[in-house]
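Content type TSV, C-alpha atoms, from the file input_33.tsv:
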```tsv
chain	number	residue	atom	x	y	z
M	58	MET	CA	53.00	106.79	-78.32
M	59	SER	CA	53.82	106.59	-74.60
M	60	THR	CA	57.09	107.93	-73.27
M	61	PRO	CA	59.31	105.18	-71.91
M	62	ALA	CA	59.88	105.24	-68.17
M	63	VAL	CA	63.24	106.54	-67.00
M	64	ILE	CA	65.36	104.05	-65.11
M	65	ASN	CA	66.57	105.42	-61.77
M	66	ASN	CA	70.37	105.47	-61.53
M	67	ASN	CA	70.62	107.52	-58.33
M	68	HIS	CA	72.12	104.48	-56.58
M	69	GLU	CA	75.30	104.89	-58.67
M	70	HIS	CA	76.13	108.34	-57.28
M	71	ILE	CA	79.23	108.72	-55.13
M	72	VAL	CA	77.58	110.31	-52.04
M	73	PRO	CA	75.13	107.48	-51.24
M	74	ALA	CA	77.90	104.98	-52.03
M	75	CYS	CA	80.20	106.63	-49.48
M	76	LEU	CA	77.45	106.66	-46.87
M	77	LEU	CA	76.73	102.98	-47.49
M	78	THR	CA	80.44	102.31	-47.03
M	79	VAL	CA	80.47	104.22	-43.73
M	80	VAL	CA	77.61	102.01	-42.53
M	81	GLY	CA	79.56	98.94	-43.70
M	82	GLY	CA	82.59	99.83	-41.58
M	83	PHE	CA	80.31	100.77	-38.68
M	84	LEU	CA	78.56	97.38	-38.66
M	85	ASP	CA	81.83	95.46	-38.83
M	86	VAL	CA	83.13	97.17	-35.70
M	87	TYR	CA	79.82	96.64	-33.91
M	88	THR	CA	79.74	92.88	-34.46
M	89	PHE	CA	83.41	92.54	-33.52
M	90	LEU	CA	83.24	94.64	-30.34
M	91	PHE	CA	79.83	93.66	-29.02
M	92	ARG	CA	78.76	90.40	-30.68
M	93	GLY	CA	81.48	87.84	-30.16
M	94	GLU	CA	84.27	89.08	-32.45
M	95	VAL	CA	82.51	88.02	-35.66
M	96	PHE	CA	83.03	89.88	-38.94
M	97	ALA	CA	79.50	89.80	-40.29
M	98	ASN	CA	80.16	92.03	-43.32
M	99	ALA	CA	82.18	89.45	-45.24
M	100	VAL	CA	82.74	85.74	-44.96
M	101	THR	CA	86.47	85.25	-45.56
M	102	GLY	CA	87.50	85.97	-41.97
M	103	ASN	CA	84.61	83.91	-40.65
M	104	MET	CA	85.66	80.96	-42.81
M	105	VAL	CA	89.17	81.17	-41.36
M	106	PHE	CA	87.84	81.26	-37.79
M	107	CYS	CA	85.42	78.44	-38.59
M	108	GLY	CA	88.27	76.27	-39.89
M	109	LEU	CA	90.40	77.14	-36.87
M	110	HIS	CA	87.70	75.99	-34.44
M	111	ILE	CA	87.07	72.82	-36.46
M	112	ALA	CA	90.76	71.99	-36.12
M	113	ARG	CA	90.45	72.46	-32.37
M	114	ALA	CA	87.20	70.46	-32.21
M	115	GLU	CA	85.47	73.53	-30.74
M	116	TRP	CA	82.12	72.82	-32.35
M	117	THR	CA	80.06	75.48	-30.55
M	118	GLU	CA	82.51	78.21	-31.54
M	119	CYS	CA	82.59	76.87	-35.08
M	120	LEU	CA	78.80	76.99	-35.32
M	121	ARG	CA	78.48	80.73	-34.66
M	122	TYR	CA	80.79	81.49	-37.59
M	123	LEU	CA	79.11	78.91	-39.80
M	124	ILE	CA	75.68	80.46	-39.21
M	125	ALA	CA	76.98	83.88	-40.30
M	126	ILE	CA	78.39	82.31	-43.49
M	127	ILE	CA	75.10	80.59	-44.32
M	128	PHE	CA	73.06	83.75	-43.78
M	129	TYR	CA	75.44	85.73	-45.96
M	130	ALA	CA	74.68	83.34	-48.81
M	131	LEU	CA	70.94	83.65	-48.07
M	132	GLY	CA	71.26	87.43	-48.30
M	133	VAL	CA	72.68	87.19	-51.82
M	134	LEU	CA	69.91	84.79	-52.85
M	135	THR	CA	67.23	87.09	-51.40
M	136	ALA	CA	68.61	90.17	-53.16
M	137	GLU	CA	68.72	88.38	-56.50
M	138	TRP	CA	65.22	86.98	-56.02
M	139	LEU	CA	63.86	90.46	-55.30
M	140	ARG	CA	65.67	91.82	-58.36
M	141	THR	CA	63.81	89.36	-60.58
M	142	LYS	CA	60.49	90.42	-59.06
M	143	VAL	CA	60.90	94.20	-59.30
M	144	ALA	CA	60.92	96.03	-62.64
M	145	PRO	CA	63.66	98.72	-62.88
M	146	THR	CA	61.05	101.34	-63.84
M	147	GLN	CA	58.76	100.78	-60.85
M	148	LYS	CA	58.06	103.70	-58.52
M	149	LEU	CA	59.56	101.72	-55.61
M	150	GLY	CA	62.60	100.06	-57.16
M	151	TRP	CA	64.82	97.15	-56.23
M	152	HIS	CA	67.41	99.33	-54.48
M	153	GLN	CA	64.81	101.08	-52.33
M	154	ILE	CA	63.16	97.79	-51.36
M	155	ILE	CA	66.53	96.33	-50.30
M	156	LEU	CA	67.31	99.43	-48.22
M	157	ALA	CA	63.88	99.32	-46.57
M	158	LEU	CA	64.39	95.63	-45.75
M	159	GLU	CA	67.83	96.39	-44.30
M	160	ILE	CA	66.42	99.13	-42.07
M	161	VAL	CA	63.59	96.92	-40.82
M	162	CYS	CA	66.05	94.13	-39.98
M	163	LEU	CA	68.50	96.45	-38.22
M	164	LEU	CA	66.08	98.33	-35.98
M	165	PRO	CA	65.34	95.52	-33.47
M	166	ILE	CA	68.98	94.39	-33.15
M	167	ILE	CA	69.82	96.77	-30.32
M	168	PHE	CA	67.10	95.16	-28.20
M	169	ILE	CA	68.54	91.64	-28.53
M	170	PRO	CA	70.53	90.83	-25.36
M	171	LYS	CA	74.26	90.26	-25.68
M	172	GLY	CA	75.62	86.81	-25.05
M	173	HIS	CA	73.90	83.62	-26.12
M	174	LEU	CA	71.81	85.41	-28.79
M	175	ASP	CA	74.77	87.04	-30.52
M	176	PHE	CA	74.55	84.46	-33.31
M	177	VAL	CA	71.10	85.84	-34.21
M	178	VAL	CA	72.49	89.36	-34.52
M	179	ASN	CA	75.53	88.28	-36.52
M	180	ALA	CA	73.39	86.19	-38.86
M	181	THR	CA	71.01	89.12	-39.39
M	182	ILE	CA	73.81	91.59	-40.12
M	183	ALA	CA	75.52	89.09	-42.44
M	184	PHE	CA	72.20	88.72	-44.29
M	185	ILE	CA	71.81	92.50	-44.53
M	186	CYS	CA	75.37	93.14	-45.71
M	187	ALA	CA	75.11	90.44	-48.35
M	188	MET	CA	71.95	92.05	-49.74
M	189	GLN	CA	73.64	95.45	-49.74
M	190	VAL	CA	76.83	94.39	-51.48
M	191	GLU	CA	74.83	92.42	-54.06
M	192	THR	CA	72.49	95.33	-54.77
M	193	PHE	CA	74.83	98.34	-54.77
M	194	ARG	CA	77.64	97.22	-57.04
M	195	LYS	CA	78.65	100.25	-59.11
M	196	VAL	CA	79.46	103.94	-58.70
M	197	HIS	CA	79.52	105.95	-61.93
M	198	GLY	CA	79.88	102.67	-63.81
M	199	LEU	CA	82.82	101.41	-61.75
M	200	PRO	CA	82.41	98.27	-59.61
M	201	PHE	CA	82.76	98.66	-55.85
M	202	ALA	CA	81.82	96.96	-52.58
M	203	SER	CA	80.31	98.86	-49.64
M	204	THR	CA	80.76	96.28	-46.87
M	205	MET	CA	84.34	95.12	-47.50
M	206	CYS	CA	87.42	96.63	-49.10
M	207	THR	CA	89.59	93.81	-50.45
M	208	GLY	CA	88.18	94.18	-53.97
M	209	ASN	CA	88.29	97.98	-53.75
M	210	LEU	CA	91.97	97.89	-52.76
M	211	ARG	CA	92.79	95.48	-55.59
M	212	SER	CA	90.99	97.68	-58.13
M	213	SER	CA	92.73	100.82	-56.85
M	214	ALA	CA	96.18	99.22	-57.11
M	215	GLU	CA	95.40	97.95	-60.61
M	216	ALA	CA	94.25	101.40	-61.73
M	217	LEU	CA	97.31	103.02	-60.14
M	218	PHE	CA	99.62	100.72	-62.08
M	219	LYS	CA	97.83	101.51	-65.35
M	220	TYR	CA	98.10	105.25	-64.66
M	221	LEU	CA	101.83	105.01	-63.86
M	222	HIS	CA	102.41	102.78	-66.89
M	223	THR	CA	100.31	104.65	-69.49
M	224	GLY	CA	99.71	108.10	-68.01
M	225	ASP	CA	95.97	107.72	-68.67
M	226	ARG	CA	94.23	110.25	-66.42
M	227	LYS	CA	91.05	108.18	-66.49
M	228	GLU	CA	92.92	105.55	-64.49
M	229	LEU	CA	93.96	108.23	-62.00
M	230	GLY	CA	90.28	109.07	-61.60
M	231	LYS	CA	89.59	105.43	-60.80
M	232	VAL	CA	92.35	105.49	-58.17
M	233	CYS	CA	90.74	108.51	-56.49
M	234	HIS	CA	87.35	106.80	-56.71
M	235	TYR	CA	88.50	103.65	-54.91
M	236	TYR	CA	90.61	105.45	-52.32
M	237	THR	CA	87.57	107.57	-51.48
M	238	ILE	CA	85.49	104.45	-50.90
M	239	ILE	CA	88.24	102.88	-48.77
M	240	PHE	CA	88.60	106.09	-46.75
M	241	PHE	CA	84.90	106.16	-45.91
M	242	PHE	CA	84.92	102.49	-44.91
M	243	ILE	CA	87.75	103.17	-42.47
M	244	LEU	CA	85.94	106.33	-41.31
M	245	GLY	CA	82.86	104.23	-40.48
M	246	ALA	CA	85.01	101.87	-38.42
M	247	VAL	CA	86.72	104.78	-36.61
M	248	VAL	CA	83.42	106.50	-35.82
M	249	ALA	CA	81.90	103.25	-34.55
M	250	ALA	CA	84.91	102.44	-32.36
M	251	ILE	CA	85.04	105.92	-30.79
M	252	LEU	CA	81.31	106.42	-30.26
M	253	MET	CA	80.52	102.89	-29.06
M	254	THR	CA	83.47	102.84	-26.69
M	255	ARG	CA	82.45	106.18	-25.24
M	256	TYR	CA	78.65	106.01	-25.32
M	257	GLY	CA	77.85	102.31	-25.56
M	258	GLU	CA	76.06	100.25	-28.16
M	259	GLY	CA	73.02	102.55	-28.19
M	260	VAL	CA	74.92	104.43	-30.89
M	261	PHE	CA	74.04	101.47	-33.14
M	262	PHE	CA	70.92	103.36	-34.25
M	263	LEU	CA	73.20	105.48	-36.43
M	264	ALA	CA	73.41	102.53	-38.85
M	265	PRO	CA	69.69	102.35	-39.76
M	266	ALA	CA	69.61	106.18	-39.68
M	267	GLY	CA	72.37	106.25	-42.30
M	268	LEU	CA	70.54	103.73	-44.47
M	269	THR	CA	67.37	105.83	-44.19
M	270	ILE	CA	69.27	108.83	-45.57
M	271	VAL	CA	70.55	106.69	-48.43
M	272	PHE	CA	66.98	105.51	-49.13
M	273	PHE	CA	65.88	109.08	-49.80
M	274	MET	CA	69.04	109.87	-51.76
M	275	VAL	CA	68.48	107.05	-54.25
M	276	SER	CA	64.72	107.56	-54.57
M	277	THR	CA	63.16	109.23	-57.59
M	278	ARG	CA	61.20	112.47	-57.35
M	279	ARG	CA	58.11	110.47	-58.22
M	280	LEU	CA	58.60	108.20	-55.21
M	281	LEU	CA	59.40	111.11	-52.91
M	282	GLY	CA	56.23	112.84	-54.06
M	283	ALA	CA	54.20	109.71	-53.34
M	284	LEU	CA	55.75	109.46	-49.87
M	285	ARG	CA	54.90	113.10	-49.14
M	286	HIS	CA	51.33	112.53	-50.28
M	287	TRP	CA	51.06	109.44	-48.05
M	288	TRP	CA	52.45	111.32	-45.05
M	289	ARG	CA	50.01	114.19	-45.52
M	290	SER	CA	47.12	111.73	-45.72
M	291	LEU	CA	48.03	110.51	-42.21
M	292	ARG	CA	47.79	113.97	-40.68
M	293	PRO	CA	44.45	114.78	-39.04
M	294	ARG	CA	42.33	117.27	-40.90
M	295	SER	CA	41.05	120.31	-39.03
```

Mind converting the file's structure to structure tokens?
Amino acid sequence: MSTPAVINNNHEHIVPACLLTVVGGFLDVYTFLFRGEVFANAVTGNMVFCGLHIARAEWTECLRYLIAIIFYALGVLTAEWLRTKVAPTQKLGWHQIILALEIVCLLPIIFIPKGHLDFVVNATIAFICAMQVETFRKVHGLPFASTMCTGNLRSSAEALFKYLHTGDRKELGKVCHYYTIIFFFILGAVVAAILMTRYGEGVFFLAPAGLTIVFFMVSTRRLLGALRHWWRSLRPRS
């Protein structure tokens, strides 16, 4: 009888989750500072700005926020569609495919001129962040979001109340879990603000570099072995 394949749960570890959260904060600062003050990581702020510009009959300004909202929804749909197409026991799993797609989409962004094409960048990053938050949803069984922190803050406050009310140390562990995620999101924003202000938007390449590290962190040994074999096959033989 064949041994059942082991499902890869590396994506639920805290270290890759924190790194994803750093990238989330990093991207939010980038789109706000360099791409027209749009929050591409989440849609709530964009909906508010969209409504504000509708009230002022500023249709062009409204459109750039509306496009980001639409592409965020498309990102969720794409992630779910890919999930239905990829078996959890495949060598290259759903989480790795999403990360690879994110990296491919992010790499050309730095070459897109600022100004009238900012809506393309914001739509792309909104699409990417939606895929990420839809795909990476738990750490050690606890729900979390890597591109926004409203839900994380709510969950941390809820767990803190339960700990203070019942003394359950498991709830205290949840508090630490969520505050860690929030800390790394803020850290990503701080790093982005400092480095981009000092060195310019070329620092943006740190975002796909961080996602590449996460890709290898969440990959199985079987996949890493296949990647090593593929890389060696590309090297010229003496």

- Task: Name the residues in contact with M:Ile71 at a cut-off of 10 Å, using only C-alpha atoms, excluding same-chain residues fewer than 6 positions from it; report them as number ranges by chain.
- Result: M: 77, 195-197, 234, 237-238

- Message: Restricting the calculation to all atoms listed in the file: of M:Gly230, M:Asp175, M:Ala250, M:Arg194, which residue gets closest to M:His70?
- Response: M:Arg194

- Closest of M:Thr192, M:Val72, M:Thr223, M:Leu244 to M:Gly150 - atom-to-atom distances counting all atoms listed in the file: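 Smallest distance to M:Gly150 is found for M:Thr192.
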
Distance table requested - stretch 153-233 of chain M against stretch 102-125 of chain M, cut-off 10 Å, all atoms listed in the file: one row per qualifying residue with the closest atom pair and its distance in Å to one decimal, ordered by chain and rising residue number, as JSON lines.
```
{"residue": "M:Asp175", "atom": "CA", "partner": "M:Arg121", "partner_atom": "CA", "distance": 8.4}
{"residue": "M:Phe176", "atom": "CA", "partner": "M:Arg121", "partner_atom": "CA", "distance": 5.6}
{"residue": "M:Val177", "atom": "CA", "partner": "M:Ile124", "partner_atom": "CA", "distance": 8.7}
{"residue": "M:Val178", "atom": "CA", "partner": "M:Ala125", "partner_atom": "CA", "distance": 9.1}
{"residue": "M:Asn179", "atom": "CA", "partner": "M:Ala125", "partner_atom": "CA", "distance": 6.0}
{"residue": "M:Ala180", "atom": "CA", "partner": "M:Ala125", "partner_atom": "CA", "distance": 4.5}
{"residue": "M:Thr181", "atom": "CA", "partner": "M:Ala125", "partner_atom": "CA", "distance": 8.0}
{"residue": "M:Ile182", "atom": "CA", "partner": "M:Ala125", "partner_atom": "CA", "distance": 8.3}
{"residue": "M:Ala183", "atom": "CA", "partner": "M:Ala125", "partner_atom": "CA", "distance": 5.8}
{"residue": "M:Phe184", "atom": "CA", "partner": "M:Ala125", "partner_atom": "CA", "distance": 7.9}
```

- Figure out the distance between atom CA of M:Phe91 and atom CA of M:Lys171, please, to one decimal in Å.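 About the pair atom CA of M:Lys171 and atom CA of M:Phe91: they are 7.3 Å apart.
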
- In Å and to one decimal, atom CA of M:Met274 is distant from atom CA of M:Ala157 by 12.8 Å

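With only C-alpha atoms as the atoms that count, the residue of M:Leu217, M:Gly245, M:Thr269, M:Glu191 with the shortest distance to M:Leu134 is M:Glu191.
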
- Task: For atom CA of M:Pro200 and atom CA of M:Tyr87, determine how far apart the two atoms are, in Å to one decimal place.
- Result: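 Interatomic distance, atom CA of M:Pro200 to atom CA of M:Tyr87: 25.9 Å.
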
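Considering the residues M:Leu84, M:Ile127, M:Ala264, M:Ile167 and counting all atoms listed in the file, M:Ala97 has its shortest atom-to-atom contact with M:Leu84.
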
- Which of these, M:Tyr236, M:Cys186, M:Gly82, M:Glu94, has the shortest distance to M:Ile160 once you count all atoms listed in the file? M:Cys186

- So, counting all atoms listed in the file, which residue among M:Leu76, M:Val190, M:Leu164, M:Cys233 is closest to M:Tyr220?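 Checking each candidate against M:Tyr220, we get M:Cys233 as the closest.
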